[in-house]
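Undergrad: Have a peek at final28.cif (mmCIF, C-alpha atoms and all ligand atoms).
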data_input
#
loop_
_atom_site.label_atom_id
_atom_site.label_comp_id
_atom_site.auth_asym_id
_atom_site.auth_seq_id
_atom_site.Cartn_x
_atom_site.Cartn_y
_atom_site.Cartn_z
CA MET A 1 -73.73 92.55 48.56
CA GLY A 2 -76.60 92.55 51.01
CA GLY A 3 -79.07 95.40 51.47
CA ASN A 4 -79.97 98.14 49.13
CA ALA A 5 -76.99 99.71 47.36
CA GLU A 6 -78.58 103.18 47.32
CA GLU A 7 -78.94 103.03 51.11
CA LEU A 8 -75.39 101.85 51.60
CA HIS A 9 -73.85 104.95 50.06
CA LEU A 10 -74.88 107.92 52.20
CA PRO A 11 -74.01 111.12 50.35
CA VAL A 12 -71.22 112.85 52.26
CA MET A 13 -71.77 116.43 53.58
CA CYS A 14 -75.03 116.66 51.67
CA ASN A 15 -76.42 119.68 53.59
CA GLU A 16 -73.13 121.53 53.25
CA VAL A 17 -73.10 120.81 49.49
CA LEU A 18 -76.64 122.16 49.12
CA ASN A 19 -75.67 125.28 51.11
CA CYS A 20 -72.77 125.93 48.73
CA LEU A 21 -74.43 124.94 45.46
CA ARG A 22 -77.76 126.67 46.31
CA PRO A 23 -79.80 124.77 43.70
CA GLU A 24 -82.68 126.79 42.26
CA ASN A 25 -85.82 125.88 40.41
CA GLY A 26 -84.93 125.80 36.72
CA GLY A 27 -81.15 125.66 37.30
CA ARG A 28 -78.92 123.15 35.50
CA TYR A 29 -76.25 121.37 37.56
CA VAL A 30 -73.44 118.91 36.80
CA ASP A 31 -72.78 116.03 39.18
CA ALA A 32 -69.34 114.90 37.96
CA THR A 33 -69.41 111.74 40.10
CA LEU A 34 -72.98 110.51 40.11
CA GLY A 35 -72.19 107.29 42.04
CA LEU A 36 -75.47 105.97 43.38
CA GLY A 37 -77.15 109.32 42.89
CA GLY A 38 -77.42 110.51 46.52
CA HIS A 39 -76.19 114.06 45.93
CA SER A 40 -78.02 114.31 42.61
CA GLU A 41 -81.27 113.29 44.24
CA ALA A 42 -80.85 116.04 46.83
CA VAL A 43 -80.06 118.62 44.12
CA LEU A 44 -83.07 117.53 42.04
CA GLN A 45 -85.33 117.82 45.08
CA ALA A 46 -83.93 121.24 45.99
CA SER A 47 -84.32 122.55 42.43
CA ALA A 48 -87.84 121.20 41.84
CA PRO A 49 -89.94 121.35 39.80
CA PHE A 50 -87.78 122.28 36.78
CA GLY A 51 -84.12 122.05 37.89
CA ARG A 52 -81.97 119.56 35.97
CA VAL A 53 -78.89 117.47 36.68
CA ILE A 54 -76.36 116.12 34.19
CA GLY A 55 -74.58 113.26 35.96
CA PHE A 56 -71.27 111.71 34.88
CA GLU A 57 -70.44 108.19 36.01
CA TRP A 58 -67.59 106.03 34.75
CA ASP A 59 -68.81 102.85 36.38
CA ASN A 60 -71.59 101.25 34.37
CA GLU A 61 -73.11 99.39 37.30
CA ALA A 62 -73.27 102.56 39.44
CA ALA A 63 -74.74 104.51 36.51
CA MET A 64 -77.45 101.87 36.12
CA LEU A 65 -78.33 101.87 39.84
CA ALA A 66 -78.38 105.68 39.91
CA GLY A 67 -80.68 105.64 36.87
CA LYS A 68 -83.10 103.38 38.75
CA ARG A 69 -82.97 105.49 41.89
CA LEU A 70 -83.59 108.71 39.99
CA GLN A 71 -86.18 107.42 37.53
CA SER A 72 -88.99 109.36 39.19
CA PHE A 73 -87.24 112.60 38.11
CA ALA A 74 -87.72 111.50 34.47
CA ASP A 75 -86.18 113.93 31.98
CA ARG A 76 -84.76 116.21 34.69
CA ILE A 77 -81.77 113.84 34.98
CA THR A 78 -79.35 113.03 32.16
CA ILE A 79 -76.82 110.28 32.89
CA ILE A 80 -73.60 110.17 30.90
CA HIS A 81 -71.50 107.03 31.12
CA ALA A 82 -68.14 108.73 30.61
CA SER A 83 -65.26 110.17 32.60
CA TYR A 84 -65.73 113.64 34.03
CA ALA A 85 -62.34 114.36 32.50
CA ASP A 86 -64.21 114.48 29.16
CA MET A 87 -66.83 116.89 30.48
CA ALA A 88 -66.06 119.62 27.96
CA ASP A 89 -66.62 117.30 24.97
CA GLU A 90 -69.67 115.62 26.47
CA LEU A 91 -71.38 118.93 27.35
CA SER A 92 -70.68 120.27 23.85
CA VAL A 93 -72.34 117.18 22.36
CA LEU A 94 -75.42 118.00 24.50
CA GLY A 95 -75.26 121.61 23.30
CA VAL A 96 -74.70 122.86 26.86
CA ASP A 97 -72.62 126.06 27.14
CA PHE A 98 -73.33 127.03 30.74
CA VAL A 99 -74.41 125.35 33.97
CA ASP A 100 -75.43 126.75 37.36
CA GLY A 101 -73.08 124.67 39.46
CA ILE A 102 -70.74 121.67 39.40
CA LEU A 103 -70.24 119.09 42.15
CA ALA A 104 -67.57 116.38 42.34
CA ASP A 105 -67.49 113.86 45.19
CA LEU A 106 -64.20 112.12 44.44
CA GLY A 107 -63.02 108.62 45.20
CA VAL A 108 -64.73 105.26 45.35
CA SER A 109 -68.31 104.51 46.31
CA SER A 110 -69.36 101.96 48.92
CA LEU A 111 -70.78 99.92 46.04
CA GLN A 112 -67.26 99.58 44.59
CA LEU A 113 -65.69 98.84 47.99
CA ASP A 114 -68.34 96.29 48.88
CA ARG A 115 -68.19 94.35 45.61
CA ALA A 116 -65.24 92.07 46.38
CA GLU A 117 -64.72 91.23 42.70
CA ARG A 118 -63.86 94.86 41.90
CA GLY A 119 -60.64 94.39 43.87
CA PHE A 120 -60.59 97.78 45.65
CA SER A 121 -60.55 96.40 49.17
CA PHE A 122 -58.41 93.94 51.11
CA SER A 123 -61.22 93.12 53.51
CA LYS A 124 -62.31 90.37 51.10
CA ASP A 125 -60.11 88.25 48.84
CA ALA A 126 -60.54 88.91 45.11
CA PRO A 127 -58.45 89.64 41.99
CA VAL A 128 -56.58 92.96 42.36
CA ASP A 129 -58.47 94.91 39.71
CA MET A 130 -59.38 98.44 40.94
CA ARG A 131 -60.72 99.81 37.65
CA MET A 132 -63.57 102.30 38.14
CA ASN A 133 -64.54 101.57 34.57
CA PRO A 134 -63.93 97.91 33.72
CA GLU A 135 -63.34 98.97 30.08
CA VAL A 136 -60.07 100.69 31.07
CA PRO A 137 -57.36 98.43 29.61
CA VAL A 138 -54.88 98.14 32.52
CA ASP A 139 -55.86 96.79 35.93
CA ALA A 140 -53.85 96.84 39.16
CA ALA A 141 -52.61 93.23 38.76
CA THR A 142 -51.10 94.20 35.39
CA ILE A 143 -49.30 97.18 36.92
CA LEU A 144 -48.00 94.93 39.72
CA ALA A 145 -46.73 92.45 37.11
CA ARG A 146 -45.23 94.88 34.58
CA ALA A 147 -44.01 98.05 36.32
CA THR A 148 -40.33 98.21 37.19
CA GLU A 149 -39.31 98.26 40.83
CA LYS A 150 -38.65 102.01 40.59
CA GLU A 151 -42.00 102.67 38.92
CA LEU A 152 -43.81 100.76 41.68
CA ALA A 153 -41.89 102.61 44.40
CA ASP A 154 -42.77 105.94 42.73
CA ILE A 155 -46.47 105.00 42.54
CA PHE A 156 -46.54 104.05 46.24
CA TYR A 157 -44.58 107.15 47.27
CA HIS A 158 -46.28 109.78 45.11
CA TYR A 159 -49.87 108.48 45.09
CA GLY A 160 -49.92 106.83 48.53
CA GLU A 161 -47.45 109.09 50.37
CA GLU A 162 -46.05 105.76 51.60
CA ARG A 163 -42.67 106.18 53.31
CA GLN A 164 -41.85 102.48 53.01
CA ALA A 165 -42.42 102.63 49.24
CA ARG A 166 -38.98 101.32 48.22
CA ARG A 167 -39.01 98.47 50.71
CA ILE A 168 -42.48 97.39 49.58
CA ALA A 169 -41.64 97.64 45.87
CA ALA A 170 -38.46 95.59 46.37
CA HIS A 171 -40.36 92.85 48.21
CA LEU A 172 -43.17 92.68 45.62
CA CYS A 173 -40.64 92.46 42.79
CA LYS A 174 -38.78 89.64 44.52
CA VAL A 175 -41.98 87.68 45.08
CA ARG A 176 -43.32 88.23 41.55
CA THR A 177 -40.29 86.52 39.96
CA ASN A 178 -41.82 83.25 41.24
CA SER A 179 -45.54 83.95 41.09
CA ARG A 180 -47.86 86.69 39.84
CA ILE A 181 -49.52 88.83 42.53
CA ARG A 182 -53.16 88.17 41.82
CA THR A 183 -55.35 88.83 44.82
CA THR A 184 -56.12 91.63 47.25
CA ARG A 185 -55.35 89.54 50.36
CA GLN A 186 -52.10 88.30 48.83
CA LEU A 187 -51.06 91.89 48.14
CA ALA A 188 -52.07 93.10 51.63
CA ASP A 189 -50.12 90.22 53.24
CA LEU A 190 -47.03 90.93 51.12
CA VAL A 191 -47.11 94.62 52.10
CA ALA A 192 -47.41 93.64 55.78
CA GLU A 193 -44.46 91.26 55.35
CA ALA A 194 -42.33 93.93 53.65
CA VAL A 195 -42.78 96.60 56.32
CA PRO A 196 -41.04 95.98 59.67
CA HIS A 197 -43.59 95.81 62.46
CA ARG A 198 -42.37 98.99 64.13
CA PHE A 199 -43.39 100.97 61.02
CA HIS A 200 -46.95 99.56 60.84
CA PRO A 201 -49.36 102.50 61.27
CA GLU A 202 -51.62 102.43 64.31
CA LYS A 203 -54.86 103.74 62.86
CA ILE A 204 -54.96 102.23 59.38
CA HIS A 205 -54.02 98.88 57.87
CA VAL A 206 -50.41 98.78 56.71
CA ALA A 207 -51.55 98.21 53.09
CA THR A 208 -54.09 101.08 52.95
CA ARG A 209 -51.74 103.56 51.28
CA VAL A 210 -50.51 101.02 48.72
CA PHE A 211 -54.12 100.23 47.76
CA GLN A 212 -54.90 103.97 47.44
CA ALA A 213 -51.79 104.48 45.30
CA LEU A 214 -52.59 101.63 42.92
CA ARG A 215 -56.20 102.79 42.55
CA ILE A 216 -55.02 106.30 41.65
CA ALA A 217 -52.53 104.91 39.13
CA VAL A 218 -54.99 102.50 37.49
CA ASN A 219 -57.67 105.16 37.05
CA ARG A 220 -55.31 108.09 36.41
CA GLU A 221 -57.31 109.88 39.07
CA LEU A 222 -55.07 112.90 39.49
CA ASP A 223 -54.90 113.57 35.73
CA ASN A 224 -58.69 113.35 35.57
CA LEU A 225 -59.02 115.75 38.49
CA VAL A 226 -56.72 118.30 36.86
CA ARG A 227 -58.77 118.14 33.65
CA LEU A 228 -61.98 118.71 35.59
CA LEU A 229 -60.48 121.70 37.41
CA THR A 230 -59.19 123.12 34.12
CA ASP A 231 -62.31 122.67 32.00
CA GLY A 232 -65.11 122.87 34.60
CA PRO A 233 -64.93 126.60 35.44
CA ASP A 234 -65.43 127.57 31.75
CA PHE A 235 -68.94 126.10 31.96
CA LEU A 236 -69.94 127.89 35.15
CA ARG A 237 -72.24 130.88 34.90
CA PRO A 238 -70.83 133.86 36.85
CA GLY A 239 -71.89 133.61 40.50
CA SER A 240 -72.33 129.83 40.38
CA MET A 241 -70.33 127.34 42.43
CA LEU A 242 -67.76 124.61 41.93
CA CYS A 243 -67.97 122.18 44.90
CA MET A 244 -65.28 119.55 45.37
CA ILE A 245 -65.28 116.83 48.04
CA THR A 246 -61.88 115.16 48.48
CA PHE A 247 -60.87 112.24 50.67
CA HIS A 248 -57.09 112.45 50.92
CA SER A 249 -54.40 115.07 51.11
CA LEU A 250 -53.12 114.59 47.54
CA GLU A 251 -56.48 115.41 45.97
CA ASP A 252 -57.15 118.16 48.47
CA ARG A 253 -53.81 119.84 47.72
CA ILE A 254 -54.53 119.77 43.97
CA VAL A 255 -57.96 121.36 44.50
CA LYS A 256 -56.64 123.96 46.96
CA GLN A 257 -53.81 125.03 44.67
CA ALA A 258 -56.01 125.10 41.57
CA PHE A 259 -58.57 127.28 43.38
CA ARG A 260 -55.81 129.62 44.54
CA ARG A 261 -54.22 130.01 41.08
CA ASP A 262 -57.38 130.13 38.98
CA GLN A 263 -58.42 133.71 38.22
CA ARG A 264 -61.87 132.51 37.15
CA LEU A 265 -62.59 131.37 40.73
CA GLN A 266 -62.80 132.82 44.20
CA ALA A 267 -62.42 130.15 46.88
CA GLY A 268 -64.09 129.89 50.28
CA LYS A 269 -62.71 128.20 53.39
CA PRO A 270 -62.55 124.38 53.51
CA ILE A 271 -65.50 122.71 55.24
CA HIS A 272 -65.31 119.48 57.26
CA PRO A 273 -68.06 117.05 58.27
CA THR A 274 -69.65 117.43 61.68
CA ALA A 275 -68.95 114.94 64.49
CA GLU A 276 -72.57 113.71 64.16
CA GLU A 277 -72.11 112.95 60.48
CA ILE A 278 -68.84 111.10 61.12
CA SER A 279 -70.44 108.92 63.76
CA ALA A 280 -73.39 108.16 61.46
CA ASN A 281 -71.19 107.64 58.39
CA PRO A 282 -67.53 106.82 59.14
CA ARG A 283 -66.67 107.18 55.42
CA ALA A 284 -67.13 110.94 55.89
CA ARG A 285 -64.27 111.24 58.40
CA SER A 286 -61.58 112.13 55.89
CA ALA A 287 -63.77 114.35 53.67
CA THR A 288 -63.01 117.98 52.91
CA LEU A 289 -65.44 120.15 50.94
CA ARG A 290 -63.95 123.09 49.04
CA CYS A 291 -66.20 125.48 47.18
CA ALA A 292 -65.33 128.31 44.83
CA VAL A 293 -67.55 130.83 43.11
CA ARG A 294 -67.16 131.68 39.39
CA VAL A 295 -66.32 135.37 39.26
C1 LIG B 301 -67.73 108.83 46.13
S1 LIG B 301 -68.60 108.20 44.80
C2 LIG B 301 -69.87 109.39 44.51
C3 LIG B 301 -71.09 109.14 45.31
C4 LIG B 301 -72.26 110.05 44.99
N1 LIG B 301 -71.97 111.42 45.29
C5 LIG B 301 -73.53 109.61 45.71
O1 LIG B 301 -74.12 110.42 46.43
O2 LIG B 301 -73.93 108.45 45.54
C6 LIG B 301 -67.52 108.54 43.46
C7 LIG B 301 -68.02 108.03 42.14
O3 LIG B 301 -67.26 108.64 41.12
C8 LIG B 301 -67.07 107.74 40.08
N2 LIG B 301 -65.89 108.16 39.32
C9 LIG B 301 -64.59 108.06 39.66
N3 LIG B 301 -63.81 108.59 38.71
C10 LIG B 301 -64.64 109.03 37.75
C11 LIG B 301 -64.43 109.69 36.50
N4 LIG B 301 -63.20 109.97 36.07
N5 LIG B 301 -65.50 110.03 35.77
C12 LIG B 301 -66.77 109.74 36.20
N6 LIG B 301 -67.03 109.11 37.36
C13 LIG B 301 -65.97 108.76 38.13
C14 LIG B 301 -66.88 106.41 40.78
O4 LIG B 301 -67.18 105.35 39.91
C15 LIG B 301 -67.86 106.53 41.96
O5 LIG B 301 -69.09 105.95 41.64
#
Could you spell out this file's structure in structure tokens?
TA:
Amino acid sequence: MGGNAEELHLPVMCNEVLNCLRPENGGRYVDATLGLGGHSEAVLQASAPFGRVIGFEWDNEAAMLAGKRLQSFADRITIIHASYADMADELSVLGVDFVDGILADLGVSSLQLDRAERGFSFSKDAPVDMRMNPEVPVDAATILARATEKELADIFYHYGEERQARRIAAHLCKVRTNSRIRTTRQLADLVAEAVPHRFHPEKIHVATRVFQALRIAVNRELDNLVRLLTDGPDFLRPGSMLCMITFHSLEDRIVKQAFRRDQRLQAGKPIHPTAEEISANPRARSATLRCAVRV
């Protein structure tokens, strides 16, 4: 990847996040998805000189790069290489009972999309992997090889909201009897072949939803999100905020419904990026920020 990875991932809706989280000097904040540390850096600056951030990151390479970027904050940043789904256990190990705010910026980082070998993107050819944490045992190629036709169709339908799910699953299963589906380009081409041209979407590539669905399945993203929404609020001090940035309707629906049901939280209105931000950072276009205060 060319350029500087930290520069390539612009933190999405950073001002809006700071307005919701309201970091204060001496406060302690959790960044559930540290990524390359963009949001954490802003929180550390806003809570100087004594505010602290505990950052979770599942991807070792991202955690390392974030560590480098944030090294000038020294012991004000603690990086935990673990899933945010295990936040409750990890915070207990640190002896932390309460924090002054939690942020999660869900999804993949530009680092992961840009590293062809991680297999998240069909813009470059590479093995279909898609694991956020390469220690997770099952990658996307294994799911494509082992899941039944019905299981694949369910993954594409439920996690990708793909209407052509059955057609695509049937085609992939036919092809895989002769050869394993190994690469991102091969998968994208097979999806394009399976879907009649009149059903190809206008604004996104025909394989976009299938890639999203496989990524969610490989990383059990929705299960992780539910665990974060269940455990996170118990650690929030009354009056502090839970800020969630989502990038697709499935995640957003889960957050919206959890906020509505959860008696520990009082939710505000969803916030969307400004037109200026979208033109400066196209990745922001599908973002929604939902914030809730711990009552
Ligand atoms: C959109 S990026 C976050 C970018 C970050 N806010 C920044 O400013 O650089 C999402 C990050 O969450 C990480 N991630 C995804 N699932 C995770 C999980 N279950 N636990 C911890 N980190 C996770 C990904 O590896 C990715 O680096």
Undergrad: To check your reading of the model: which residues sit at most 7 Å from ligand LIG 301 (chain B) when counting only C-alpha atoms and all ligand atoms? Write the answer as an mmCIF file with C-alpha atoms, in the frame of the given file.
TA:
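Wrote part-v8.cif, looks like this:
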data_model
loop_
_atom_site.group_PDB
_atom_site.id
_atom_site.type_symbol
_atom_site.label_atom_id
_atom_site.label_comp_id
_atom_site.auth_asym_id
_atom_site.auth_seq_id
_atom_site.Cartn_x
_atom_site.Cartn_y
_atom_site.Cartn_z
ATOM 1 C CA HIS A 9 -73.850 104.950 50.060
ATOM 2 C CA LEU A 10 -74.880 107.920 52.200
ATOM 3 C CA PRO A 11 -74.010 111.120 50.350
ATOM 4 C CA VAL A 12 -71.220 112.850 52.260
ATOM 5 C CA ALA A 32 -69.340 114.900 37.960
ATOM 6 C CA THR A 33 -69.410 111.740 40.100
ATOM 7 C CA LEU A 34 -72.980 110.510 40.110
ATOM 8 C CA GLY A 35 -72.190 107.290 42.040
ATOM 9 C CA LEU A 36 -75.470 105.970 43.380
ATOM 10 C CA GLY A 37 -77.150 109.320 42.890
ATOM 11 C CA GLY A 38 -77.420 110.510 46.520
ATOM 12 C CA HIS A 39 -76.190 114.060 45.930
ATOM 13 C CA SER A 40 -78.020 114.310 42.610
ATOM 14 C CA PHE A 56 -71.270 111.710 34.880
ATOM 15 C CA GLU A 57 -70.440 108.190 36.010
ATOM 16 C CA TRP A 58 -67.590 106.030 34.750
ATOM 17 C CA ASP A 59 -68.810 102.850 36.380
ATOM 18 C CA ALA A 62 -73.270 102.560 39.440
ATOM 19 C CA ALA A 82 -68.140 108.730 30.610
ATOM 20 C CA SER A 83 -65.260 110.170 32.600
ATOM 21 C CA TYR A 84 -65.730 113.640 34.030
ATOM 22 C CA ALA A 85 -62.340 114.360 32.500
ATOM 23 C CA ASP A 105 -67.490 113.860 45.190
ATOM 24 C CA LEU A 106 -64.200 112.120 44.440
ATOM 25 C CA GLY A 107 -63.020 108.620 45.200
ATOM 26 C CA VAL A 108 -64.730 105.260 45.350
ATOM 27 C CA SER A 109 -68.310 104.510 46.310
ATOM 28 C CA MET A 132 -63.570 102.300 38.140
ATOM 29 C CA GLU A 221 -57.310 109.880 39.070
ATOM 30 C CA ASN A 224 -58.690 113.350 35.570
#
Undergrad: Which residue gives the smallest distance to A:Val206 among A:Leu289, A:Leu111, A:Leu222, A:Ala165, with all atoms listed in the file counted?
TA: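 Using all atoms listed in the file, the shortest distance to A:Val206 belongs to A:Ala165.
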Undergrad: Would you please work out which residue, of A:Gln266, A:Ser240, A:Gln212, A:Ser249, is nearest to A:Leu113 when using all atoms listed in the file?
TA: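 For A:Leu113, the nearest of the candidates is A:Gln212.
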Undergrad: If I take atom CA of A:Leu144 and atom CA of A:Val195, how far is one from the other in Å, to one decimal?
TA: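 Answer for the atom CA of A:Leu144 to atom CA of A:Val195 separation: 17.5 Å.
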Undergrad: What's the separation between atom CA of A:Leu44 and atom CA of A:Asp114, in Å to one decimal place?
TA: 26.7 Å
